[in-house]
$ cat input-v5.txt   # compact mmCIF, C-alpha atoms
# COMPACT_ATOMS: atom_id res chain seq x y z
CA MET I 1 -11.10 -5.19 33.88
CA ASN I 2 -13.45 -2.26 34.45
CA TYR I 3 -12.10 1.13 33.40
CA PRO I 4 -14.32 4.05 34.53
CA ILE I 5 -13.07 6.27 31.70
CA ILE I 6 -14.16 3.67 29.12
CA ASN I 7 -17.63 3.46 30.65
CA PHE I 8 -17.86 7.26 30.53
CA LEU I 9 -16.71 7.45 26.89
CA ASN I 10 -19.09 4.70 25.81
CA ASN I 11 -22.15 6.62 27.05
CA ASN I 12 -22.69 8.36 23.67
CA PHE I 13 -21.94 11.81 25.05
CA PHE I 14 -19.81 12.46 22.00
CA ASN I 15 -21.29 13.04 18.55
CA PHE I 16 -18.10 13.15 16.57
CA THR I 17 -16.27 10.53 14.60
CA ILE I 18 -13.04 9.94 16.52
CA PHE I 19 -12.14 10.60 20.13
CA ILE I 20 -8.63 9.73 21.33
CA ILE I 21 -7.17 10.05 24.81
CA LEU I 22 -3.47 9.50 25.36
CA VAL I 23 -2.31 8.71 28.89
CA ILE I 24 1.43 8.61 29.50
CA THR I 25 2.82 7.15 32.71
CA SER I 26 6.43 6.47 33.59
CA ASN I 27 6.19 2.90 32.24
CA PHE I 28 3.22 2.80 29.85
CA ILE I 29 1.48 4.71 27.11
CA ILE I 30 -2.25 4.05 26.93
CA PHE I 31 -4.48 4.98 23.97
CA PHE I 32 -8.25 5.10 24.38
CA THR I 33 -9.79 5.32 20.90
CA CYS I 34 -13.53 5.71 20.31
CA PHE I 35 -15.31 5.75 16.94
CA ASN I 36 -18.86 7.14 16.91
CA SER I 37 -20.98 5.07 19.30
CA SER I 38 -18.82 1.92 19.07
CA PRO I 39 -17.13 0.63 22.23
CA CYS I 40 -13.74 2.20 22.90
CA ASN I 41 -10.52 0.36 22.15
CA ILE I 42 -7.59 0.30 24.55
CA ASN I 43 -4.00 -0.02 23.34
CA ILE I 44 -1.32 -0.29 26.02
CA PHE I 45 2.35 -0.08 25.10
CA THR I 46 5.48 -0.17 27.18
CA PHE I 47 7.41 2.99 26.45
CA ASN I 48 10.14 1.17 24.47
CA SER I 49 7.72 -0.86 22.34
CA PHE I 50 5.71 2.29 21.59
CA ILE I 51 8.77 4.20 20.43
CA LYS I 52 9.72 1.30 18.14
CA SER I 53 6.18 1.15 16.70
CA ILE I 54 5.92 4.85 15.84
CA SER I 55 5.41 5.44 12.14
CA ILE I 56 6.46 8.82 10.91
CA ILE I 57 4.69 9.57 7.67
CA THR I 58 6.14 12.29 5.47
CA LEU I 59 4.29 13.89 2.57
CA ILE I 60 6.20 15.77 -0.14
CA HIS I 61 4.96 17.41 -3.36
CA GLN I 62 6.76 18.72 -6.44
CA VAL I 63 5.50 19.94 -9.82
CA THR I 64 7.64 19.59 -12.94
CA LYS I 65 6.31 20.60 -16.37
CA GLY I 66 2.69 20.38 -15.21
CA ILE I 67 3.07 16.98 -13.55
CA LYS I 68 2.61 16.92 -9.77
CA ILE I 69 4.40 14.16 -7.89
CA SER I 70 3.32 13.51 -4.29
CA VAL I 71 5.28 11.10 -2.12
CA GLU I 72 4.26 9.67 1.23
CA VAL I 73 6.78 7.53 3.13
CA LYS I 74 6.13 5.12 5.98
CA PHE I 75 8.64 3.18 8.07
CA GLU I 76 7.51 -0.47 8.24
CA GLY I 77 10.05 -1.99 10.62
CA THR I 78 13.49 -3.46 11.15
CA PHE I 79 14.48 -7.08 10.66
CA THR I 80 17.64 -9.17 10.44
CA ARG I 81 18.61 -10.90 7.22
CA LYS I 82 21.89 -12.80 6.80
CA SER I 83 23.25 -11.25 10.03
CA PHE I 84 22.52 -7.70 8.80
CA GLN I 85 19.81 -5.40 10.04
CA GLN I 86 17.59 -4.02 7.28
CA HIS I 87 15.01 -1.28 7.54
CA ALA I 88 11.85 -1.48 5.46
CA PHE I 89 9.99 1.53 4.06
CA THR I 90 6.83 1.80 2.01
CA TYR I 91 6.35 4.77 -0.26
CA TYR I 92 3.12 5.84 -1.89
CA ILE I 93 3.39 7.98 -5.01
CA SER I 94 0.65 9.92 -6.77
CA ILE I 95 1.24 11.31 -10.25
CA GLU I 96 -1.20 14.06 -11.22
CA ASN I 97 -1.39 15.44 -14.75
CA GLN I 98 -2.06 19.15 -14.24
CA GLY I 99 -1.24 19.92 -17.87
CA LYS I 100 -3.50 19.99 -20.94
CA ASP I 101 -1.98 17.08 -22.86
CA THR I 102 -2.30 13.33 -22.36
CA ILE I 103 0.95 11.78 -21.13
CA GLN I 104 2.39 8.35 -20.41
CA LEU I 105 5.01 7.33 -17.85
CA VAL I 106 7.45 5.08 -19.72
CA SER I 107 10.37 4.62 -17.31
CA ARG I 108 11.76 5.40 -13.88
CA HIS I 109 15.24 6.19 -12.58
CA TRP I 110 16.00 6.03 -8.84
CA LYS I 111 18.95 7.15 -6.75
CA ILE I 112 18.94 5.54 -3.28
CA LEU I 113 21.33 6.95 -0.70
CA GLU I 114 22.28 5.34 2.60
CA SER I 115 24.46 6.80 5.33
CA THR I 116 26.69 3.70 5.40
CA ASN I 117 26.85 2.67 1.73
CA ARG I 118 27.50 4.00 -1.73
CA PRO I 119 24.50 5.22 -3.75
CA HIS I 120 22.36 2.65 -5.55
CA TYR I 121 20.97 3.49 -8.98
CA LEU I 122 17.95 1.66 -10.34
CA LYS I 123 16.08 2.07 -13.58
CA GLY I 124 13.27 0.23 -15.26
CA ASN I 125 10.21 0.41 -17.44
CA GLY I 126 7.08 1.98 -15.96
CA VAL I 127 6.26 1.68 -12.27
CA VAL I 128 5.13 -1.52 -10.51
CA GLY I 129 4.72 -3.22 -13.88
CA VAL I 130 2.52 -0.48 -15.36
CA LYS I 131 3.08 2.35 -17.86
CA PRO I 132 0.15 4.55 -16.87
CA ILE I 133 -1.50 6.93 -19.35
CA LEU I 134 -2.89 10.09 -17.78
CA LYS I 135 -5.28 12.48 -19.43
CA SER I 136 -5.46 16.07 -18.21
CA GLY I 137 -6.62 16.14 -14.58
CA GLU I 138 -6.13 12.40 -13.97
CA ILE I 139 -4.13 10.90 -11.11
CA TYR I 140 -2.30 7.58 -10.97
CA SER I 141 -1.20 6.28 -7.55
CA TYR I 142 0.91 3.30 -6.62
CA LYS I 143 2.72 1.77 -3.65
CA SER I 144 6.20 0.30 -3.56
CA GLY I 145 8.96 -0.27 -1.04
CA CYS I 146 12.62 -0.03 -0.27
CA LEU I 147 15.03 -1.84 2.06
CA ILE I 148 18.12 -0.08 3.35
CA ASN I 149 20.90 -1.26 5.65
CA SER I 150 21.52 2.05 7.42
CA THR I 151 19.06 3.80 9.71
CA VAL I 152 19.03 6.96 7.57
CA GLY I 153 18.79 7.27 3.81
CA SER I 154 16.90 8.95 1.01
CA MET I 155 15.49 8.37 -2.45
CA SER I 156 15.06 10.67 -5.41
CA GLY I 157 14.54 10.11 -9.08
CA LYS I 158 13.02 10.95 -12.41
CA TYR I 159 10.21 9.61 -14.51
CA THR I 160 10.53 9.68 -18.27
CA MET I 161 7.20 10.66 -19.79
CA ILE I 162 5.95 10.96 -23.33
CA ASN I 163 3.53 13.68 -24.41
CA PHE I 164 0.92 12.18 -26.76
CA THR I 165 0.17 15.54 -28.41
CA ASN I 166 3.68 16.16 -29.77
CA ALA I 167 5.34 12.72 -29.24
CA GLN I 168 8.12 14.38 -27.21
CA LYS I 169 9.78 12.67 -24.25
CA PHE I 170 10.41 14.71 -21.11
CA SER I 171 11.64 14.15 -17.55
CA VAL I 172 9.68 14.72 -14.36
CA ASP I 173 11.52 15.00 -11.06
CA VAL I 174 10.53 12.82 -8.14
CA PRO I 175 11.33 14.90 -5.04
CA ASN I 176 13.98 13.72 -2.63
CA PHE I 177 12.35 11.89 0.27
CA LYS I 178 13.90 10.67 3.50
CA LEU I 179 14.07 7.09 4.66
CA SER I 180 14.62 7.44 8.40
CA VAL I 181 14.07 4.96 11.18
CA PRO I 182 11.85 7.03 13.52
CA TYR I 183 13.50 6.17 16.83
CA ILE I 184 16.89 7.37 15.53
CA LEU I 185 15.99 11.03 14.86
CA ASN I 186 14.68 13.60 17.32
$ encode --input "input-v5.txt" --output "structure tokens"
Amino acid sequence: MNYPIINFLNNNFFNFTIFIILVITSNFIIFFTCFNSSPCNINIFTFNSFIKSISIITLIHQVTKGIKISVEVKFEGTFTRKSFQQHAFTYYISIENQGKDTIQLVSRHWKILESTNRPHYLKGNGVVGVKPILKSGEIYSYKSGCLINSTVGSMSGKYTMINFTNAQKFSVDVPNFKLSVPYILN
């Protein structure tokens, strides 16, 4: 199919990295995406499939005792397992040592809330099988995930750290972050 707008966009009139055009009709949403001088891509969604594919990404930061925790959450999708719908979320966490001393994350404690269930409490050593050591100014990042049965929930927690300078353990708060299926909330 020949799209005049694509031919126009592909003529190198644009000297920037990304150019996106969004066209919304009563039945379709059309994305024209162009990167530098590459040919443009077309993505066409029906309105319902587009709404279900939206990923709302939330970014939250909190500093406790010189340790900055940043959390980014992404909705991955809904699936059925044993006749129950489950909603999958990925969260990306960065731990930044803004203090002067070297520290180590030794354990984690999570509280997972769902709108239709009682809270779940999880604890374990390290994160994703690692007990990272962070010198002053260093950042450790990891990715993990969570399944919930309700369309709305949240997670919060604490990391137990040890300060290598004085051998003292201390807690660092992980900020509360929402787990929300995007097509449920306005």
$ closest_atom_pairs --input "input-v5.txt" --of "segment 161-182 of chain I" --to "segment 131-152 of chain I" --cutoff "9 Å" --atoms "only C-alpha atoms" --output "JSON lines"
{"residue": "I:Lys178", "atom": "CA", "partner": "I:Val152", "partner_atom": "CA", "distance": 7.5}
{"residue": "I:Leu179", "atom": "CA", "partner": "I:Val152", "partner_atom": "CA", "distance": 5.8}
{"residue": "I:Ser180", "atom": "CA", "partner": "I:Val152", "partner_atom": "CA", "distance": 4.5}
{"residue": "I:Val181", "atom": "CA", "partner": "I:Thr151", "partner_atom": "CA", "distance": 5.3}
{"residue": "I:Pro182", "atom": "CA", "partner": "I:Thr151", "partner_atom": "CA", "distance": 8.8}
$ atom_distance --input "input-v5.txt" --atom1 "atom CA of Ile93 of chain I" --atom2 "atom CA of Thr116 of chain I"
25.9 Å
$ atom_distance --input "input-v5.txt" --atom1 "atom CA of Pro119 of chain I" --atom2 "atom CA of Phe177 of chain I"
14.4 Å
$ atom_distance --input "input-v5.txt" --atom1 "atom CA of Asn166 of chain I" --atom2 "atom CA of Thr102 of chain I"
9.9 Å
$ residues_around --input "input-v5.txt" --residues "Trp110 of chain I" --least-positions-apart "5" --cutoff "6 Å" --atoms "only C-alpha atoms" --output "compact mmCIF listing (two decimals) with C-alpha atoms, in the frame of the given file"
# COMPACT_ATOMS: atom_id res chain seq x y z
CA TYR I 121 20.97 3.49 -8.98
CA LEU I 122 17.95 1.66 -10.34
CA SER I 156 15.06 10.67 -5.41
CA GLY I 157 14.54 10.11 -9.08
$ residues_around --input "input-v5.txt" --residues "Phe170 of chain I" --least-positions-apart "2" --cutoff "10 Å" --atoms "all atoms listed in the file" --output "list in words"
Thr64, Lys65, Ile103, Leu105, Lys158, Tyr159, Thr160, Met161, Ile162, Asn163, Ala167, Gln168 and Val172 of chain I
$ residues_around --input "input-v5.txt" --residues "Gly66 of chain I" --least-positions-apart "2" --cutoff "9 Å" --atoms "only C-alpha atoms" --output "PyMOL selection string"
chain I and resi 63-64+68+96-100
$ residues_around --input "input-v5.txt" --residues "Ile60 of chain I" --least-positions-apart "4" --cutoff "8 Å" --atoms "all atoms listed in the file" --output "PyMOL selection string"
chain I and resi 70-72+175+177
$ residues_around --input "input-v5.txt" --residues "His120 of chain I" --least-positions-apart "6" --cutoff "9 Å" --atoms "all atoms listed in the file" --output "CSV table (one decimal) with C-alpha atoms, in the frame of the given file"
chain,number,residue,atom,x,y,z
I,110,TRP,CA,16.0,6.0,-8.8
I,111,LYS,CA,19.0,7.2,-6.8
I,112,ILE,CA,18.9,5.5,-3.3
I,113,LEU,CA,21.3,7.0,-0.7
I,114,GLU,CA,22.3,5.3,2.6
$ closest_residue --input "input-v5.txt" --among "I:Asp173, I:Lys74, I:Ala88, I:Lys123" --to "His61 of chain I" --atoms "all atoms listed in the file"
I:Asp173
$ build_atoms --input "input-v5.txt" --residues "segment 146-168 of chain I" --atoms "N, CA and C atoms" --output "mmCIF file, keeping the file's coordinate frame"
data_model
loop_
_atom_site.group_PDB
_atom_site.id
_atom_site.type_symbol
_atom_site.label_atom_id
_atom_site.label_comp_id
_atom_site.auth_asym_id
_atom_site.auth_seq_id
_atom_site.Cartn_x
_atom_site.Cartn_y
_atom_site.Cartn_z
ATOM 1 N N CYS I 146 11.175 -0.089 -0.198
ATOM 2 C CA CYS I 146 12.620 -0.030 -0.270
ATOM 3 C C CYS I 146 13.210 -0.582 1.024
ATOM 4 N N LEU I 147 14.274 -1.358 0.913
ATOM 5 C CA LEU I 147 15.030 -1.840 2.060
ATOM 6 C C LEU I 147 16.384 -1.143 2.063
ATOM 7 N N ILE I 148 16.778 -0.641 3.228
ATOM 8 C CA ILE I 148 18.120 -0.080 3.350
ATOM 9 C C ILE I 148 18.800 -0.685 4.568
ATOM 10 N N ASN I 149 20.135 -0.693 4.549
ATOM 11 C CA ASN I 149 20.900 -1.260 5.650
ATOM 12 C C ASN I 149 21.176 -0.249 6.755
ATOM 13 N N SER I 150 21.264 1.022 6.409
ATOM 14 C CA SER I 150 21.520 2.050 7.420
ATOM 15 C C SER I 150 20.202 2.579 7.970
ATOM 16 N N THR I 151 20.276 3.282 9.090
ATOM 17 C CA THR I 151 19.060 3.800 9.710
ATOM 18 C C THR I 151 18.570 5.093 9.071
ATOM 19 N N VAL I 152 19.401 5.713 8.248
ATOM 20 C CA VAL I 152 19.030 6.960 7.570
ATOM 21 C C VAL I 152 19.426 6.861 6.103
ATOM 22 N N GLY I 153 18.509 7.256 5.236
ATOM 23 C CA GLY I 153 18.790 7.270 3.810
ATOM 24 C C GLY I 153 17.808 8.192 3.110
ATOM 25 N N SER I 154 17.855 8.153 1.791
ATOM 26 C CA SER I 154 16.900 8.950 1.010
ATOM 27 C C SER I 154 16.778 8.360 -0.387
ATOM 28 N N MET I 155 15.705 8.760 -1.052
ATOM 29 C CA MET I 155 15.490 8.370 -2.450
ATOM 30 C C MET I 155 15.099 9.615 -3.230
ATOM 31 N N SER I 156 15.509 9.646 -4.470
ATOM 32 C CA SER I 156 15.060 10.670 -5.410
ATOM 33 C C SER I 156 15.111 10.034 -6.788
ATOM 34 N N GLY I 157 14.521 10.712 -7.754
ATOM 35 C CA GLY I 157 14.540 10.110 -9.080
ATOM 36 C C GLY I 157 13.882 10.953 -10.133
ATOM 37 N N LYS I 158 13.665 10.314 -11.266
ATOM 38 C CA LYS I 158 13.020 10.950 -12.410
ATOM 39 C C LYS I 158 12.137 9.919 -13.093
ATOM 40 N N TYR I 159 11.041 10.405 -13.629
ATOM 41 C CA TYR I 159 10.210 9.610 -14.510
ATOM 42 C C TYR I 159 10.406 10.153 -15.920
ATOM 43 N N THR I 160 10.536 9.261 -16.879
ATOM 44 C CA THR I 160 10.530 9.680 -18.270
ATOM 45 C C THR I 160 9.099 9.526 -18.765
ATOM 46 N N MET I 161 8.579 10.616 -19.307
ATOM 47 C CA MET I 161 7.200 10.660 -19.790
ATOM 48 C C MET I 161 7.212 10.928 -21.288
ATOM 49 N N ILE I 162 6.126 10.594 -21.931
ATOM 50 C CA ILE I 162 5.950 10.960 -23.330
ATOM 51 C C ILE I 162 4.632 11.731 -23.449
ATOM 52 N N ASN I 163 4.694 12.849 -24.168
ATOM 53 C CA ASN I 163 3.530 13.680 -24.410
ATOM 54 C C ASN I 163 2.870 13.177 -25.687
ATOM 55 N N PHE I 164 1.609 12.741 -25.596
ATOM 56 C CA PHE I 164 0.920 12.180 -26.760
ATOM 57 C C PHE I 164 0.583 13.221 -27.816
ATOM 58 N N THR I 165 0.520 14.494 -27.450
ATOM 59 C CA THR I 165 0.170 15.540 -28.410
ATOM 60 C C THR I 165 1.303 15.797 -29.405
ATOM 61 N N ASN I 166 2.547 15.852 -28.892
ATOM 62 C CA ASN I 166 3.680 16.160 -29.770
ATOM 63 C C ASN I 166 4.713 15.034 -29.851
ATOM 64 N N ALA I 167 4.462 13.900 -29.222
ATOM 65 C CA ALA I 167 5.340 12.720 -29.240
ATOM 66 C C ALA I 167 6.730 13.008 -28.661
ATOM 67 N N GLN I 168 6.837 14.026 -27.831
ATOM 68 C CA GLN I 168 8.120 14.380 -27.210
ATOM 69 C C GLN I 168 8.267 13.692 -25.850
#
